[in-house]
Structures are given as C-alpha cells and as structure tokens.
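Just data.cif here, mmCIF, N, CA and C atoms:
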```cif
data_run
#
loop_
_atom_site.group_PDB
_atom_site.id
_atom_site.type_symbol
_atom_site.label_atom_id
_atom_site.label_comp_id
_atom_site.auth_asym_id
_atom_site.auth_seq_id
_atom_site.Cartn_x
_atom_site.Cartn_y
_atom_site.Cartn_z
ATOM 1 N N MET A 1 -56.238 24.795 -35.965
ATOM 2 C CA MET A 1 -56.520 23.536 -36.618
ATOM 3 C C MET A 1 -58.009 23.228 -36.537
ATOM 4 N N LYS A 2 -58.503 22.593 -37.560
ATOM 5 C CA LYS A 2 -59.915 22.228 -37.564
ATOM 6 C C LYS A 2 -60.152 20.997 -36.693
ATOM 7 N N LYS A 3 -61.391 20.867 -36.267
ATOM 8 C CA LYS A 3 -61.770 19.746 -35.400
ATOM 9 C C LYS A 3 -61.500 18.410 -36.072
ATOM 10 N N SER A 4 -61.847 18.296 -37.346
ATOM 11 C CA SER A 4 -61.671 17.015 -38.040
ATOM 12 C C SER A 4 -60.198 16.662 -38.194
ATOM 13 N N THR A 5 -59.341 17.666 -38.372
ATOM 14 C CA THR A 5 -57.906 17.405 -38.514
ATOM 15 C C THR A 5 -57.311 16.899 -37.210
ATOM 16 N N ILE A 6 -57.663 17.534 -36.107
ATOM 17 C CA ILE A 6 -57.128 17.123 -34.807
ATOM 18 C C ILE A 6 -57.584 15.713 -34.461
ATOM 19 N N ILE A 7 -58.856 15.429 -34.657
ATOM 20 C CA ILE A 7 -59.382 14.102 -34.325
ATOM 21 C C ILE A 7 -58.784 13.041 -35.239
ATOM 22 N N ALA A 8 -58.622 13.352 -36.532
ATOM 23 C CA ALA A 8 -58.033 12.379 -37.458
ATOM 24 C C ALA A 8 -56.584 12.078 -37.093
ATOM 25 N N LEU A 9 -55.801 13.101 -36.764
ATOM 26 C CA LEU A 9 -54.408 12.874 -36.377
ATOM 27 C C LEU A 9 -54.313 12.067 -35.089
ATOM 28 N N SER A 10 -55.180 12.357 -34.135
ATOM 29 C CA SER A 10 -55.117 11.606 -32.883
ATOM 30 C C SER A 10 -55.536 10.155 -33.079
ATOM 31 N N ILE A 11 -56.479 9.896 -33.983
ATOM 32 C CA ILE A 11 -56.859 8.507 -34.268
ATOM 33 C C ILE A 11 -55.713 7.775 -34.960
ATOM 34 N N ILE A 12 -55.008 8.450 -35.873
ATOM 35 C CA ILE A 12 -53.864 7.821 -36.556
ATOM 36 C C ILE A 12 -52.797 7.436 -35.542
ATOM 37 N N PHE A 13 -52.449 8.363 -34.634
ATOM 38 C CA PHE A 13 -51.459 8.037 -33.613
ATOM 39 C C PHE A 13 -51.978 6.969 -32.656
ATOM 40 N N GLY A 14 -53.279 7.004 -32.365
ATOM 41 C CA GLY A 14 -53.861 5.978 -31.499
ATOM 42 C C GLY A 14 -53.783 4.599 -32.110
ATOM 43 N N VAL A 15 -54.029 4.498 -33.415
ATOM 44 C CA VAL A 15 -53.935 3.203 -34.095
ATOM 45 C C VAL A 15 -52.489 2.721 -34.111
ATOM 46 N N ALA A 16 -51.552 3.630 -34.370
ATOM 47 C CA ALA A 16 -50.137 3.238 -34.410
ATOM 48 C C ALA A 16 -49.677 2.727 -33.045
ATOM 49 N N PHE A 17 -49.959 3.488 -32.001
ATOM 50 C CA PHE A 17 -49.543 3.055 -30.675
ATOM 51 C C PHE A 17 -50.397 1.902 -30.167
ATOM 52 N N GLY A 18 -51.639 1.825 -30.618
ATOM 53 C CA GLY A 18 -52.499 0.706 -30.236
ATOM 54 C C GLY A 18 -51.982 -0.612 -30.759
ATOM 55 N N ASN A 19 -51.452 -0.610 -31.980
ATOM 56 C CA ASN A 19 -50.877 -1.841 -32.530
ATOM 57 C C ASN A 19 -49.630 -2.257 -31.770
ATOM 58 N N ILE A 20 -48.820 -1.290 -31.366
ATOM 59 C CA ILE A 20 -47.622 -1.611 -30.586
ATOM 60 C C ILE A 20 -48.021 -2.215 -29.240
ATOM 61 N N VAL A 21 -48.968 -1.568 -28.575
ATOM 62 C CA VAL A 21 -49.442 -2.083 -27.289
ATOM 63 C C VAL A 21 -50.134 -3.428 -27.479
ATOM 64 N N GLY A 22 -50.850 -3.582 -28.588
ATOM 65 C CA GLY A 22 -51.505 -4.855 -28.874
ATOM 66 C C GLY A 22 -50.520 -5.993 -29.051
ATOM 67 N N LEU A 23 -49.401 -5.715 -29.705
ATOM 68 C CA LEU A 23 -48.369 -6.748 -29.833
ATOM 69 C C LEU A 23 -47.792 -7.129 -28.477
ATOM 70 N N ILE A 24 -47.601 -6.135 -27.622
ATOM 71 C CA ILE A 24 -47.086 -6.425 -26.286
ATOM 72 C C ILE A 24 -48.106 -7.235 -25.488
ATOM 73 N N ILE A 25 -49.372 -6.810 -25.526
ATOM 74 C CA ILE A 25 -50.428 -7.545 -24.813
ATOM 75 C C ILE A 25 -50.556 -8.961 -25.366
ATOM 76 N N GLY A 26 -50.526 -9.086 -26.692
ATOM 77 C CA GLY A 26 -50.655 -10.400 -27.311
ATOM 78 C C GLY A 26 -49.504 -11.324 -26.980
ATOM 79 N N SER A 27 -48.293 -10.772 -26.923
ATOM 80 C CA SER A 27 -47.146 -11.629 -26.635
ATOM 81 C C SER A 27 -47.096 -12.039 -25.170
ATOM 82 N N ILE A 28 -47.669 -11.234 -24.291
ATOM 83 C CA ILE A 28 -47.658 -11.582 -22.868
ATOM 84 C C ILE A 28 -48.812 -12.518 -22.517
ATOM 85 N N PHE A 29 -50.026 -12.166 -22.933
ATOM 86 C CA PHE A 29 -51.204 -12.897 -22.471
ATOM 87 C C PHE A 29 -51.684 -13.973 -23.437
ATOM 88 N N PHE A 30 -51.512 -13.751 -24.731
ATOM 89 C CA PHE A 30 -52.020 -14.696 -25.732
ATOM 90 C C PHE A 30 -50.857 -15.181 -26.591
ATOM 91 N N LYS A 31 -50.029 -16.048 -26.055
ATOM 92 C CA LYS A 31 -48.818 -16.474 -26.759
ATOM 93 C C LYS A 31 -49.120 -17.282 -28.007
ATOM 94 N N GLU A 32 -50.252 -17.966 -28.032
ATOM 95 C CA GLU A 32 -50.583 -18.785 -29.194
ATOM 96 C C GLU A 32 -51.184 -17.965 -30.329
ATOM 97 N N ASN A 33 -51.803 -16.833 -30.005
ATOM 98 C CA ASN A 33 -52.527 -16.076 -31.022
ATOM 99 C C ASN A 33 -52.309 -14.580 -30.801
ATOM 100 N N LEU A 34 -51.408 -13.973 -31.589
ATOM 101 C CA LEU A 34 -51.141 -12.543 -31.463
ATOM 102 C C LEU A 34 -52.263 -11.696 -32.049
ATOM 103 N N GLY A 35 -53.123 -12.294 -32.865
ATOM 104 C CA GLY A 35 -54.212 -11.542 -33.483
ATOM 105 C C GLY A 35 -55.179 -10.964 -32.468
ATOM 106 N N ILE A 36 -55.406 -11.693 -31.381
ATOM 107 C CA ILE A 36 -56.302 -11.191 -30.336
ATOM 108 C C ILE A 36 -55.709 -9.935 -29.712
ATOM 109 N N GLY A 37 -54.423 -9.954 -29.452
ATOM 110 C CA GLY A 37 -53.761 -8.778 -28.890
ATOM 111 C C GLY A 37 -53.807 -7.592 -29.834
ATOM 112 N N LEU A 38 -53.653 -7.856 -31.139
ATOM 113 C CA LEU A 38 -53.729 -6.766 -32.110
ATOM 114 C C LEU A 38 -55.130 -6.176 -32.185
ATOM 115 N N VAL A 39 -56.144 -7.015 -32.117
ATOM 116 C CA VAL A 39 -57.522 -6.516 -32.143
ATOM 117 C C VAL A 39 -57.802 -5.669 -30.907
ATOM 118 N N ILE A 40 -57.388 -6.156 -29.745
ATOM 119 C CA ILE A 40 -57.598 -5.405 -28.507
ATOM 120 C C ILE A 40 -56.828 -4.084 -28.550
ATOM 121 N N GLY A 41 -55.569 -4.135 -28.952
ATOM 122 C CA GLY A 41 -54.758 -2.920 -29.015
ATOM 123 C C GLY A 41 -55.282 -1.922 -30.027
ATOM 124 N N ASN A 42 -55.733 -2.412 -31.172
ATOM 125 C CA ASN A 42 -56.253 -1.524 -32.206
ATOM 126 C C ASN A 42 -57.535 -0.845 -31.746
ATOM 127 N N SER A 43 -58.425 -1.597 -31.128
ATOM 128 C CA SER A 43 -59.677 -0.992 -30.652
ATOM 129 C C SER A 43 -59.421 0.004 -29.529
ATOM 130 N N LEU A 44 -58.507 -0.326 -28.624
ATOM 131 C CA LEU A 44 -58.163 0.624 -27.567
ATOM 132 C C LEU A 44 -57.489 1.867 -28.136
ATOM 133 N N GLY A 45 -56.625 1.680 -29.131
ATOM 134 C CA GLY A 45 -55.946 2.818 -29.747
ATOM 135 C C GLY A 45 -56.907 3.764 -30.436
ATOM 136 N N ILE A 46 -57.872 3.220 -31.168
ATOM 137 C CA ILE A 46 -58.858 4.067 -31.844
ATOM 138 C C ILE A 46 -59.713 4.800 -30.815
ATOM 139 N N SER A 47 -60.167 4.093 -29.800
ATOM 140 C CA SER A 47 -61.025 4.711 -28.784
ATOM 141 C C SER A 47 -60.285 5.803 -28.022
ATOM 142 N N LEU A 48 -59.088 5.481 -27.551
ATOM 143 C CA LEU A 48 -58.331 6.472 -26.795
ATOM 144 C C LEU A 48 -57.886 7.632 -27.676
ATOM 145 N N GLY A 49 -57.545 7.350 -28.937
ATOM 146 C CA GLY A 49 -57.184 8.427 -29.858
ATOM 147 C C GLY A 49 -58.339 9.375 -30.102
ATOM 148 N N LEU A 50 -59.536 8.837 -30.237
ATOM 149 C CA LEU A 50 -60.721 9.671 -30.427
ATOM 150 C C LEU A 50 -60.990 10.519 -29.186
ATOM 151 N N ILE A 51 -60.886 9.920 -28.014
ATOM 152 C CA ILE A 51 -61.122 10.659 -26.771
ATOM 153 C C ILE A 51 -60.085 11.763 -26.592
ATOM 154 N N VAL A 52 -58.805 11.450 -26.824
ATOM 155 C CA VAL A 52 -57.751 12.456 -26.696
ATOM 156 C C VAL A 52 -57.952 13.578 -27.704
ATOM 157 N N GLY A 53 -58.341 13.243 -28.922
ATOM 158 C CA GLY A 53 -58.585 14.263 -29.940
ATOM 159 C C GLY A 53 -59.718 15.195 -29.568
ATOM 160 N N ILE A 54 -60.797 14.652 -29.032
ATOM 161 C CA ILE A 54 -61.930 15.486 -28.621
ATOM 162 C C ILE A 54 -61.541 16.377 -27.446
ATOM 163 N N ILE A 55 -60.813 15.837 -26.481
ATOM 164 C CA ILE A 55 -60.371 16.637 -25.336
ATOM 165 C C ILE A 55 -59.418 17.736 -25.793
ATOM 166 N N PHE A 56 -58.461 17.393 -26.650
ATOM 167 C CA PHE A 56 -57.494 18.373 -27.147
ATOM 168 C C PHE A 56 -58.197 19.478 -27.920
ATOM 169 N N TYR A 57 -59.175 19.115 -28.743
ATOM 170 C CA TYR A 57 -59.917 20.115 -29.507
ATOM 171 C C TYR A 57 -60.722 21.018 -28.587
ATOM 172 N N SER A 58 -61.373 20.447 -27.579
ATOM 173 C CA SER A 58 -62.191 21.273 -26.690
ATOM 174 C C SER A 58 -61.331 22.223 -25.864
ATOM 175 N N ILE A 59 -60.133 21.796 -25.465
ATOM 176 C CA ILE A 59 -59.223 22.684 -24.734
ATOM 177 C C ILE A 59 -58.767 23.821 -25.634
ATOM 178 N N ASN A 60 -58.370 23.507 -26.867
ATOM 179 C CA ASN A 60 -57.932 24.552 -27.793
ATOM 180 C C ASN A 60 -59.077 25.468 -28.184
ATOM 181 N N ASN A 61 -60.270 24.944 -28.310
ATOM 182 C CA ASN A 61 -61.422 25.749 -28.696
ATOM 183 C C ASN A 61 -61.810 26.704 -27.572
ATOM 184 N N ASN A 62 -61.682 26.271 -26.307
ATOM 185 C CA ASN A 62 -61.996 27.141 -25.174
ATOM 186 C C ASN A 62 -60.969 28.250 -25.020
ATOM 187 N N ASP A 63 -59.708 27.993 -25.381
ATOM 188 C CA ASP A 63 -58.669 29.013 -25.290
ATOM 189 C C ASP A 63 -58.904 30.139 -26.285
ATOM 190 N N LYS A 64 -59.456 29.823 -27.453
ATOM 191 C CA LYS A 64 -59.684 30.833 -28.485
ATOM 192 C C LYS A 64 -60.896 31.700 -28.181
ATOM 193 N N SER A 65 -61.846 31.180 -27.400
ATOM 194 C CA SER A 65 -63.082 31.928 -27.116
ATOM 195 C C SER A 65 -62.875 32.991 -26.068
#
```

Using structure tokens, write down the structure that the file contains.
Amino acid sequence: MKKSTIIALSIIFGVAFGNIVGLIIGSIFFKENLGIGLVIGNSLGISLGLIVGIIFYSINNNDKS
C-alpha cells in the first residue's frame, strides 16, 4: 500500500471513532453543548489517526527493506 493510502484510511477511521468518542465526552462533561465534545473528539481522531497511519506505514516500510 502507498503511504498516502494508509494515512488517508487511518484519518478516515480516526474521524469516525473521534466523533463517537466526542459524543461520549460531550454527553459526560458538556451536557449543555455537545458541539464542544464533537470538536474535541474530531480533532483527537484526526491527530491520532495521522499518528497511527505514519507509525503503521513506517513499520510496513521497514519490513519491506
């Protein structure tokens, strides 16, 4: 798989799971405003998805070398 494909897929999954976690965070901590939880979850999902994608790519790239 190409680097851009792996990173793009991991960001997509990060955004999906980030929104789920954001809803949970928003419903627990910010009962009046779920939007804050969604923003936090979405940003964490994108960041963690990017980090996981880069790590996954570097592990696969080292195995091929």

Output the residue selection produced by the PyMOL selection byres (((chain A and resi 39-42 and name CA) around 12) and name CA) on the file above, formatted as a short mmCIF file (atom, residue, chain, number, x, y, z; two decimals) with N, CA and C atoms, in the coordinates of the input.
```cif
data_model
loop_
_atom_site.label_atom_id
_atom_site.label_comp_id
_atom_site.auth_asym_id
_atom_site.auth_seq_id
_atom_site.Cartn_x
_atom_site.Cartn_y
_atom_site.Cartn_z
N ILE A 11 -56.48 9.90 -33.98
CA ILE A 11 -56.86 8.51 -34.27
C ILE A 11 -55.71 7.78 -34.96
N ILE A 12 -55.01 8.45 -35.87
CA ILE A 12 -53.86 7.82 -36.56
C ILE A 12 -52.80 7.44 -35.54
N PHE A 13 -52.45 8.36 -34.63
CA PHE A 13 -51.46 8.04 -33.61
C PHE A 13 -51.98 6.97 -32.66
N GLY A 14 -53.28 7.00 -32.36
CA GLY A 14 -53.86 5.98 -31.50
C GLY A 14 -53.78 4.60 -32.11
N VAL A 15 -54.03 4.50 -33.42
CA VAL A 15 -53.94 3.20 -34.10
C VAL A 15 -52.49 2.72 -34.11
N ALA A 16 -51.55 3.63 -34.37
CA ALA A 16 -50.14 3.24 -34.41
C ALA A 16 -49.68 2.73 -33.04
N PHE A 17 -49.96 3.49 -32.00
CA PHE A 17 -49.54 3.06 -30.68
C PHE A 17 -50.40 1.90 -30.17
N GLY A 18 -51.64 1.82 -30.62
CA GLY A 18 -52.50 0.71 -30.24
C GLY A 18 -51.98 -0.61 -30.76
N ASN A 19 -51.45 -0.61 -31.98
CA ASN A 19 -50.88 -1.84 -32.53
C ASN A 19 -49.63 -2.26 -31.77
N ILE A 20 -48.82 -1.29 -31.37
CA ILE A 20 -47.62 -1.61 -30.59
C ILE A 20 -48.02 -2.22 -29.24
N VAL A 21 -48.97 -1.57 -28.58
CA VAL A 21 -49.44 -2.08 -27.29
C VAL A 21 -50.13 -3.43 -27.48
N GLY A 22 -50.85 -3.58 -28.59
CA GLY A 22 -51.50 -4.86 -28.87
C GLY A 22 -50.52 -5.99 -29.05
N LEU A 23 -49.40 -5.72 -29.70
CA LEU A 23 -48.37 -6.75 -29.83
C LEU A 23 -47.79 -7.13 -28.48
N ILE A 24 -47.60 -6.14 -27.62
CA ILE A 24 -47.09 -6.42 -26.29
C ILE A 24 -48.11 -7.24 -25.49
N ILE A 25 -49.37 -6.81 -25.53
CA ILE A 25 -50.43 -7.54 -24.81
C ILE A 25 -50.56 -8.96 -25.37
N GLY A 26 -50.53 -9.09 -26.69
CA GLY A 26 -50.66 -10.40 -27.31
C GLY A 26 -49.50 -11.32 -26.98
N SER A 27 -48.29 -10.77 -26.92
CA SER A 27 -47.15 -11.63 -26.64
C SER A 27 -47.10 -12.04 -25.17
N PHE A 29 -50.03 -12.17 -22.93
CA PHE A 29 -51.20 -12.90 -22.47
C PHE A 29 -51.68 -13.97 -23.44
N PHE A 30 -51.51 -13.75 -24.73
CA PHE A 30 -52.02 -14.70 -25.73
C PHE A 30 -50.86 -15.18 -26.59
N ASN A 33 -51.80 -16.83 -30.00
CA ASN A 33 -52.53 -16.08 -31.02
C ASN A 33 -52.31 -14.58 -30.80
N LEU A 34 -51.41 -13.97 -31.59
CA LEU A 34 -51.14 -12.54 -31.46
C LEU A 34 -52.26 -11.70 -32.05
N GLY A 35 -53.12 -12.29 -32.86
CA GLY A 35 -54.21 -11.54 -33.48
C GLY A 35 -55.18 -10.96 -32.47
N ILE A 36 -55.41 -11.69 -31.38
CA ILE A 36 -56.30 -11.19 -30.34
C ILE A 36 -55.71 -9.94 -29.71
N GLY A 37 -54.42 -9.95 -29.45
CA GLY A 37 -53.76 -8.78 -28.89
C GLY A 37 -53.81 -7.59 -29.83
N LEU A 38 -53.65 -7.86 -31.14
CA LEU A 38 -53.73 -6.77 -32.11
C LEU A 38 -55.13 -6.18 -32.18
N SER A 43 -58.42 -1.60 -31.13
CA SER A 43 -59.68 -0.99 -30.65
C SER A 43 -59.42 0.00 -29.53
N LEU A 44 -58.51 -0.33 -28.62
CA LEU A 44 -58.16 0.62 -27.57
C LEU A 44 -57.49 1.87 -28.14
N GLY A 45 -56.62 1.68 -29.13
CA GLY A 45 -55.95 2.82 -29.75
C GLY A 45 -56.91 3.76 -30.44
N ILE A 46 -57.87 3.22 -31.17
CA ILE A 46 -58.86 4.07 -31.84
C ILE A 46 -59.71 4.80 -30.82
N SER A 47 -60.17 4.09 -29.80
CA SER A 47 -61.02 4.71 -28.78
C SER A 47 -60.28 5.80 -28.02
N LEU A 48 -59.09 5.48 -27.55
CA LEU A 48 -58.33 6.47 -26.80
C LEU A 48 -57.89 7.63 -27.68
N GLY A 49 -57.54 7.35 -28.94
CA GLY A 49 -57.18 8.43 -29.86
C GLY A 49 -58.34 9.38 -30.10
#
```

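The gap separating atom CA of A:Ala8 from atom CA of A:Ile59 is 16.4 Å, in Å to one decimal.
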
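Interatomic distance, atom CA of A:Ile28 against atom N of A:Leu50: 24.7 Å.
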
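Atom to atom, atom CA of A:Gly53 and atom C of A:Ile7 stand 5.4 Å apart.
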
Using 8 Å of padding on each side, determine the axis-aligned box around all atoms of stretch 8-19 of chain A present in the file and give its centre and edge lengths in Å to one decimal, as JSON.
```
{"center_x": -54.1, "center_y": 5.5, "center_z": -33.8, "size_x": 25.1, "size_y": 31.6, "size_z": 23.3}
```
